[in-house]
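Below is one structure, written out as C-alpha cells, with a few remarks after it.
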Amino acid sequence: MNETKCEFSGAVPASGTVAEVQGLYGPFAFPEKLLQKIWLRGDFAREHAVALDGRRVQVLHPGRWNLLGGPDFRGARLKIGDAAEQVGDVELHLHAGDWAAHGHARDRAYDGVVLHVVLFPPPAGHVTRGAKGESIPLLVLLPLLLHDLEEYATEDVVETLANRPASQIMEKLAPLPLEELRALIRRHAEARWRQKVHFARMRFQRLGWEAACHHAALEILGYRFNRAPMLRIASRCPLPCWRAKAFSPEVEFETERGAWSLQGLRPANHPRRRLRQYADWVAARPRWPGVLEGLAKRLPRVGADEVASSVGEARRRHGLTRWREKLAEEICGGQVGGTRFENLVCDGFLPLLAAGGADGLGGLWEIWFTGDIPELWPRALRELGVANGRLQPLCHGMAQGLLGWLVEQERMQADSAGGGA
C-alpha cells in the first residue's frame, strides 16, 4: 500500500492542529485529534509502516493516550529496524515542522519521545531532532491510511453525532414545509450516495474487484470501532485463504487481541462471531464477488421520479422484498441477515457495483431498507412527516439524507467556533 490517499490536495497550512483539505464537495477540516484516534486504533496499514530512514516500524502497543501536557502517547511499545523492543513516548503532528514550531526539542517533557508520527510527508531532507541533536525516527501515515482523508473526517463526525441527542433535528427542520423538507433530505441523500461511490471507487482502483469486495465485507461486518483490526485481517488473509480454509478465525481473533473494542458491544456484533459468520458465508458462496458482479445488470433501476413520488410503490413495483431475499441467499448464502445485511447492501454492494461501472443504482440505494442507525432518527423522520406509512416508508435514503444534513450542521458549527478553516 504505497499510494497516498491525499486525493483532495487542497490548501494545507504549514502548521497548526487543524488542516484544511479540499474535499469532494469543498474544503473540510482534518484535526490533529483525529490523527491521534487513527494512531490509537491502528486504523492504518501497520504491516507496511516504514520510517523515513527506511527502517521498519512495528507497533506492538500504541501507548496510553495523553490528553494533558507532553507527548500525545505515553509508554508505547515499538520495534524499529533491527533494534530490540523499546518502550517510549510518541508525538503526533499533522506536519513534521510542527515539532520545531511547538518547541518540543527545548521541552524536557519530550525527552522520552522515540517516534515522531506525522500525517503529511515532510520536505526532502527533513530530520526531527531532540534536545541533544539526536535524530528521532519519523513515520508518515498518509501513505498507510486505509481510507481517504475525507472519509475519516466524515466518519469522525458521524461518531460524534451517534453520541449526541438529536434535539436540533426537530428544532431546525420542523418549521420547513414538507415538500421543501423532503427535497432537502433527498439532496443530502444524493450527495451521500455520490460520496460513497467515490470512496468505493478508490478502494476498487487500489485493490481490484475481488479484494475490494472482501475488504468491504469484513469492514462492514465489524462494529465501527473494530473496522481497523477487521481490515488488517482482510489484508493478511485474502479471500483465497478463506476459500481454502487456510486460516483460523479464532487464531486471527487472538492475533488482534488488545485491538478489539468490546465495551458495550451486543453479542451479535462481537468480532469473534462476525469472523465465524464470514467464514460460513465464504464456505457457502466461495465466489461471491463474482456472483455479485454478475447481478449488476439485473438489479432494478429506480428513477428519481419514482423515489420522489412514493418509496412504498417503488419498492412494490420493483419487488424489493424478493430482491433482498435473493441477494441474501445468492451473495451471502443466507448467513447474514437483519440490519447488518442492509448495511452490506448499501455501504458495500451497491457502491462497489457503481464504482465498477454499473450505472443507475442510486435510486435503488435510496429506497432500500434501513440498516444500523441511531434509534432517534426514525422517530424524528416520522414526526417530521418525511416517513409516512405505506406511501413513504422509512428507507435508507431518508436516513442517509438526515445524516448528511447533520454532518453539514456539525461542520458549520465547528467552523463558526473556529474549529474549521
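Ligands are numbered from 1 in the order shown, residues from 1 within each chain, and chains are lettered A, B, ... in the order they appear in the C-alpha cells.
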| said: Please identify the helix (DSSP H, G or I) residues within region 192-355 of chain A (assignment by DSSP from backbone atoms) and present them as a ChimeraX atom specification. | reply: /A:192-207,209-221,224-236,239-243,249-255,267-269,271-284,288-295,304-309,311-318,320-330,338-355
| message | Which residues are near His198 (chain A)? Cut-off 10 Å, only C-alpha atoms, ignore same chain within fewer than 3 positions. Put them as a ChimeraX atom specification. | response | /A:24,148,151,192-195,201-204,351-352,354-355
| Using only C-alpha atoms, which residues sit within 12 Å of region 241-251 of chain A once same-chain residues fewer than 5 positions away are excluded, as a PyMOL selection string? | chain A and resi 211+214+218+230+233-236+256-257+271-288
| task | Show which residues sit within 12 Å of Leu381 (chain A), as an NGL selection string. Count only C-alpha atoms, and ignore same-chain residues fewer than 3 positions away. | result | :A and (166 or 169-170 or 173-174 or 178 or 181-182 or 185 or 374-378 or 384-389 or 392-403)
Could you write out that same residue set with C-alpha atoms as an mmCIF file, in the first residue's frame?
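Saved as out-v6.cif:
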data_model
loop_
_atom_site.group_PDB
_atom_site.id
_atom_site.type_symbol
_atom_site.label_atom_id
_atom_site.label_comp_id
_atom_site.auth_asym_id
_atom_site.auth_seq_id
_atom_site.Cartn_x
_atom_site.Cartn_y
_atom_site.Cartn_z
ATOM 1 C CA ALA A 166 -30.757 14.860 18.102
ATOM 2 C CA ILE A 169 -33.357 17.931 14.188
ATOM 3 C CA MET A 170 -36.877 18.932 15.227
ATOM 4 C CA LEU A 173 -36.333 21.072 10.386
ATOM 5 C CA ALA A 174 -39.897 21.055 11.751
ATOM 6 C CA LEU A 178 -42.976 19.209 3.970
ATOM 7 C CA LEU A 181 -38.020 19.280 3.754
ATOM 8 C CA ARG A 182 -38.253 16.179 1.565
ATOM 9 C CA ILE A 185 -33.325 15.280 2.667
ATOM 10 C CA PRO A 374 -29.441 5.706 15.851
ATOM 11 C CA GLU A 375 -32.931 4.981 17.196
ATOM 12 C CA LEU A 376 -33.800 8.678 17.441
ATOM 13 C CA TRP A 377 -33.563 9.208 13.678
ATOM 14 C CA PRO A 378 -36.505 7.025 12.545
ATOM 15 C CA LEU A 384 -41.398 15.367 10.568
ATOM 16 C CA GLY A 385 -43.665 13.559 8.096
ATOM 17 C CA VAL A 386 -40.784 12.562 5.788
ATOM 18 C CA ALA A 387 -41.502 8.905 6.537
ATOM 19 C CA ASN A 388 -45.237 8.306 6.321
ATOM 20 C CA GLY A 389 -46.738 4.803 6.402
ATOM 21 C CA GLN A 392 -43.379 6.774 2.171
ATOM 22 C CA PRO A 393 -41.970 4.050 4.446
ATOM 23 C CA LEU A 394 -38.679 4.673 6.182
ATOM 24 C CA CYS A 395 -35.839 3.939 3.761
ATOM 25 C CA HIS A 396 -32.080 4.117 3.510
ATOM 26 C CA GLY A 397 -32.086 7.359 1.535
ATOM 27 C CA MET A 398 -34.094 9.168 4.215
ATOM 28 C CA ALA A 399 -31.681 8.077 6.948
ATOM 29 C CA GLN A 400 -28.637 8.980 4.853
ATOM 30 C CA GLY A 401 -30.152 12.318 3.865
ATOM 31 C CA LEU A 402 -30.770 13.196 7.501
ATOM 32 C CA LEU A 403 -27.241 12.093 8.341
#
| field | Who sits within 8 Å of Gly371 (chain A), only C-alpha atoms, same chain under 3 positions skipped, as a list of chain:residue names | value | A:Gly338, A:Thr339, A:Arg340, A:Phe341, A:Glu342, A:Asn343, A:His396
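In this structure, CA of Glu252 (chain A) sits 22.7 Å away from CA of Gly348 (chain A).
Minimum atom-to-atom distance to Leu221 (chain A), evaluated using only C-alpha atoms, belongs to A:Val336 out of A:Val336, A:Val57, A:Val90, A:Leu119.
Here CA of Val87 (chain A) stands at a distance of 12.0 Å from CA of Gln58 (chain A).
Closest approach to Arg108 (chain A) among A:Ala131, A:Leu364, A:Val197, A:Leu146 is made by A:Ala131 (distances from only C-alpha atoms).
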Near Arg301 (chain A), counting only C-alpha atoms, which residues have an atom at most 7 Å away, once you skip same-chain residues fewer than 5 positions from it, shown as an mmCIF file with N, CA, C and O atoms, in the first residue's frame?
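Listing of result-v3.cif after writing:
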data_model
loop_
_atom_site.group_PDB
_atom_site.id
_atom_site.type_symbol
_atom_site.label_atom_id
_atom_site.label_comp_id
_atom_site.auth_asym_id
_atom_site.auth_seq_id
_atom_site.Cartn_x
_atom_site.Cartn_y
_atom_site.Cartn_z
ATOM 1 N N GLY A 360 -26.930 3.810 -12.725
ATOM 2 C CA GLY A 360 -28.339 3.876 -12.372
ATOM 3 C C GLY A 360 -28.753 3.173 -11.103
ATOM 4 O O GLY A 360 -29.931 2.827 -10.940
ATOM 5 N N LEU A 361 -27.823 2.969 -10.156
ATOM 6 C CA LEU A 361 -28.162 2.252 -8.925
ATOM 7 C C LEU A 361 -28.492 3.187 -7.754
ATOM 8 O O LEU A 361 -28.858 2.726 -6.681
ATOM 9 N N GLY A 363 -31.019 5.264 -7.251
ATOM 10 C CA GLY A 363 -32.407 5.200 -6.816
ATOM 11 C C GLY A 363 -32.683 3.957 -5.998
ATOM 12 O O GLY A 363 -33.412 3.999 -4.988
ATOM 13 N N LEU A 364 -32.126 2.817 -6.401
ATOM 14 C CA LEU A 364 -32.282 1.580 -5.633
ATOM 15 C C LEU A 364 -31.686 1.736 -4.247
ATOM 16 O O LEU A 364 -32.269 1.305 -3.246
#
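Note that the spacing between CA of Phe30 (chain A) and CA of Pro137 (chain A) amounts to 23.7 Å.
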| task | Select, from A:Asp111, A:Glu134, A:Glu159, A:Asp43, the residue with the minimum atom-to-atom distance to His147 (chain A), counting only C-alpha atoms. | result | A:Asp43
